[in-house]
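Reproduced below: final_20.cif, with mmCIF, C-alpha atoms; chains and numbers go by the auth columns.
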data_run
#
loop_
_atom_site.group_PDB
_atom_site.id
_atom_site.type_symbol
_atom_site.label_atom_id
_atom_site.label_comp_id
_atom_site.label_asym_id
_atom_site.label_seq_id
_atom_site.Cartn_x
_atom_site.Cartn_y
_atom_site.Cartn_z
_atom_site.B_iso_or_equiv
_atom_site.auth_seq_id
_atom_site.auth_asym_id
ATOM 1 C CA MET A 1 3.267 -41.051 -24.469 0.00 41 S
ATOM 2 C CA PRO A 2 1.004 -40.574 -21.400 0.00 42 S
ATOM 3 C CA ALA A 3 4.085 -39.785 -19.282 0.00 43 S
ATOM 4 C CA LEU A 4 5.070 -36.988 -21.670 0.00 44 S
ATOM 5 C CA THR A 5 1.528 -35.593 -21.541 0.00 45 S
ATOM 6 C CA ALA A 6 1.652 -35.643 -17.743 0.00 46 S
ATOM 7 C CA VAL A 7 4.953 -33.727 -17.779 0.00 47 S
ATOM 8 C CA VAL A 8 3.524 -31.099 -20.154 0.00 48 S
ATOM 9 C CA ILE A 9 0.369 -30.734 -18.044 0.00 49 S
ATOM 10 C CA SER A 10 2.372 -30.439 -14.823 0.00 50 S
ATOM 11 C CA LEU A 11 4.639 -27.797 -16.404 0.00 51 S
ATOM 12 C CA GLU A 12 1.619 -25.825 -17.604 0.00 52 S
ATOM 13 C CA TYR A 13 0.089 -26.112 -14.136 0.00 53 S
ATOM 14 C CA ALA A 14 3.324 -24.896 -12.558 0.00 54 S
ATOM 15 C CA GLU A 15 3.409 -21.898 -14.921 0.00 55 S
ATOM 16 C CA TRP A 16 -0.256 -21.148 -14.197 0.00 56 S
ATOM 17 C CA GLN A 17 0.367 -21.402 -10.447 0.00 57 S
ATOM 18 C CA ASP A 18 3.386 -19.105 -10.757 0.00 58 S
ATOM 19 C CA SER A 19 1.411 -16.504 -12.712 0.00 59 S
ATOM 20 C CA CYS A 20 -1.386 -16.650 -10.109 0.00 60 S
ATOM 21 C CA LEU A 21 1.154 -16.149 -7.335 0.00 61 S
ATOM 22 C CA GLN A 22 2.743 -13.209 -9.159 0.00 62 S
ATOM 23 C CA GLN A 23 -0.668 -11.635 -9.772 0.00 63 S
ATOM 24 C CA SER A 24 -1.638 -12.137 -6.132 0.00 64 S
ATOM 25 C CA THR A 25 1.644 -10.631 -4.937 0.00 65 S
ATOM 26 C CA ARG A 26 1.277 -7.680 -7.311 0.00 66 S
ATOM 27 C CA TRP A 27 -2.270 -7.103 -6.051 0.00 67 S
ATOM 28 C CA LYS A 28 -1.117 -7.223 -2.404 0.00 68 S
ATOM 29 C CA VAL A 29 1.698 -4.763 -3.105 0.00 69 S
ATOM 30 C CA GLU A 30 -0.722 -2.393 -4.850 0.00 70 S
ATOM 31 C CA GLN A 31 -3.109 -2.658 -1.893 0.00 71 S
ATOM 32 C CA LEU A 32 -0.296 -1.953 0.546 0.00 72 S
ATOM 33 C CA GLN A 33 0.834 1.071 -1.478 0.00 73 S
ATOM 34 C CA THR A 34 -2.742 2.378 -1.497 0.00 74 S
ATOM 35 C CA VAL A 35 -3.020 1.943 2.268 0.00 75 S
ATOM 36 C CA LEU A 36 0.333 3.616 2.889 0.00 76 S
ATOM 37 C CA THR A 37 -0.576 6.486 0.564 0.00 77 S
ATOM 38 C CA GLY A 38 -3.835 6.896 2.475 0.00 78 S
ATOM 39 C CA TYR A 39 -2.004 6.946 5.791 0.00 79 S
ATOM 40 C CA ASP A 40 0.484 9.444 4.417 0.00 80 S
ATOM 41 C CA ALA A 41 -2.305 11.711 3.156 0.00 81 S
ATOM 42 C CA ALA A 42 -4.176 11.443 6.468 0.00 82 S
ATOM 43 C CA GLY A 43 -0.984 12.077 8.425 0.00 83 S
ATOM 44 C CA SER A 44 -0.154 15.073 6.282 0.00 84 S
ATOM 45 C CA ALA A 45 -3.652 16.523 6.730 0.00 85 S
ATOM 46 C CA SER A 46 -3.628 16.042 10.503 0.00 86 S
ATOM 47 C CA ARG A 47 -0.103 17.447 10.698 0.00 87 S
ATOM 48 C CA LYS A 48 -1.189 20.566 8.805 0.00 88 S
ATOM 49 C CA GLN A 49 -4.224 20.895 11.058 0.00 89 S
ATOM 50 C CA PHE A 50 -2.033 20.546 14.151 0.00 90 S
ATOM 51 C CA GLU A 51 0.486 23.077 12.825 0.00 91 S
ATOM 52 C CA SER A 52 -2.254 25.593 12.095 0.00 92 S
ATOM 53 C CA LYS A 53 -3.679 25.092 15.608 0.00 93 S
ATOM 54 C CA ASP A 54 -0.189 25.372 17.054 0.00 94 S
ATOM 55 C CA SER A 55 0.501 28.664 15.282 0.00 95 S
ATOM 56 C CA GLY A 56 -2.864 29.949 16.548 0.00 96 S
ATOM 57 C CA TYR A 57 -1.839 29.186 20.124 0.00 97 S
ATOM 58 C CA GLU A 58 1.440 30.985 19.609 0.00 98 S
ATOM 59 C CA ALA A 59 -0.451 34.024 18.356 0.00 99 S
ATOM 60 C CA ASP A 60 -2.755 33.935 21.424 0.00 100 S
ATOM 61 C CA TRP A 61 0.277 33.605 23.688 0.00 101 S
ATOM 62 C CA ALA A 62 1.912 36.626 22.056 0.00 102 S
ATOM 63 C CA VAL A 63 -1.251 38.692 22.495 0.00 103 S
ATOM 64 C CA GLY A 64 -1.518 37.616 26.147 0.00 104 S
ATOM 65 C CA GLU A 65 1.959 38.910 26.957 0.00 105 S
#
Can you turn what I pasted into C-alpha coordinates?
Amino acid sequence: MPALTAVVISLEYAEWQDSCLQQSTRWKVEQLQTVLTGYDAAGSASRKQFESKDSGYEADWAVGE
(Lines of atoms letter the chains of each structure in order from A and count residues from 1; the text may use other names and numbers.)
(Lines give C-alpha, C1' and ligand atoms only; values in the text may rest on other atoms or scores of the structure.)
Protein backbone atom coordinates (compact mmCIF):
# COMPACT_ATOMS: atom_id res chain seq x y z
CA MET A 1 0.00 0.00 0.00
CA PRO A 2 2.79 2.54 0.73
CA ALA A 3 4.10 2.08 -2.83
CA LEU A 4 0.69 3.00 -4.26
CA THR A 5 0.55 6.08 -2.03
CA ALA A 6 4.00 7.11 -3.24
CA VAL A 7 2.88 6.76 -6.88
CA VAL A 8 -0.23 8.88 -6.23
CA ILE A 9 1.81 11.54 -4.42
CA SER A 10 4.43 11.63 -7.18
CA LEU A 11 1.70 11.95 -9.84
CA GLU A 12 0.07 14.80 -7.92
CA TYR A 13 3.46 16.46 -7.55
CA ALA A 14 4.10 16.09 -11.28
CA GLU A 15 0.71 17.66 -12.07
CA TRP A 16 1.39 20.49 -9.61
CA GLN A 17 4.83 21.07 -11.13
CA ASP A 18 3.33 21.09 -14.62
CA SER A 19 0.66 23.62 -13.64
CA CYS A 20 3.33 25.83 -12.03
CA LEU A 21 5.41 25.65 -15.20
CA GLN A 22 2.39 26.50 -17.37
CA GLN A 23 1.50 29.43 -15.11
CA SER A 24 5.09 30.67 -15.16
CA THR A 25 5.25 30.38 -18.95
CA ARG A 26 1.91 32.16 -19.33
CA TRP A 27 3.13 34.96 -17.05
CA LYS A 28 6.38 35.32 -19.04
CA VAL A 29 4.48 35.46 -22.32
CA GLU A 30 2.13 38.12 -20.92
CA GLN A 31 5.14 40.12 -19.71
CA LEU A 32 6.80 39.84 -23.10
CA GLN A 33 3.61 40.96 -24.87
CA THR A 34 3.38 43.95 -22.52
CA VAL A 35 6.99 44.89 -23.21
CA LEU A 36 6.56 44.52 -26.97
CA THR A 37 3.35 46.55 -26.88
CA GLY A 38 5.21 49.25 -24.95
CA TYR A 39 8.02 49.27 -27.48
CA ASP A 40 5.52 49.42 -30.32
CA ALA A 41 3.69 52.35 -28.71
CA ALA A 42 6.97 54.17 -28.02
CA GLY A 43 8.19 53.48 -31.55
CA SER A 44 4.94 54.70 -33.02
CA ALA A 45 5.06 57.90 -30.95
CA SER A 46 8.67 58.65 -31.87
CA ARG A 47 7.95 57.84 -35.51
CA LYS A 48 5.04 60.30 -35.53
CA GLN A 49 7.22 62.91 -33.84
CA PHE A 50 9.97 62.35 -36.42
CA GLU A 51 7.49 62.53 -39.31
CA SER A 52 6.04 65.78 -38.02
CA LYS A 53 9.56 67.23 -37.65
CA ASP A 54 10.44 65.95 -41.10
CA SER A 55 7.41 67.60 -42.71
CA GLY A 56 8.33 70.84 -40.91
CA TYR A 57 11.79 70.75 -42.47
CA GLU A 58 10.28 70.17 -45.88
CA ALA A 59 8.06 73.21 -45.39
CA ASP A 60 11.08 75.33 -44.35
CA TRP A 61 13.00 74.08 -47.38
CA ALA A 62 10.12 75.03 -49.68
CA VAL A 63 9.95 78.52 -48.18
CA GLY A 64 13.73 78.92 -48.54
CA GLU A 65 13.61 78.24 -52.27
Report as JSON the centre and the edge lengths, in Å to one decimal, of the axis-aligned box holding every listed atom of stretch 58-74 of chain S, padded by 4 Å on each side.
{"center_x": 0.1, "center_y": -8.4, "center_z": -6.1, "size_x": 14.5, "size_y": 29.5, "size_z": 21.3}
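Atom CA of S:Gln62 to atom CA of S:Ile49 spans 19.8 Å [interatomic distance, one decimal].
When atom CA of S:Thr65 is paired with atom CA of S:Tyr53, their separation reads 18.1 Å.
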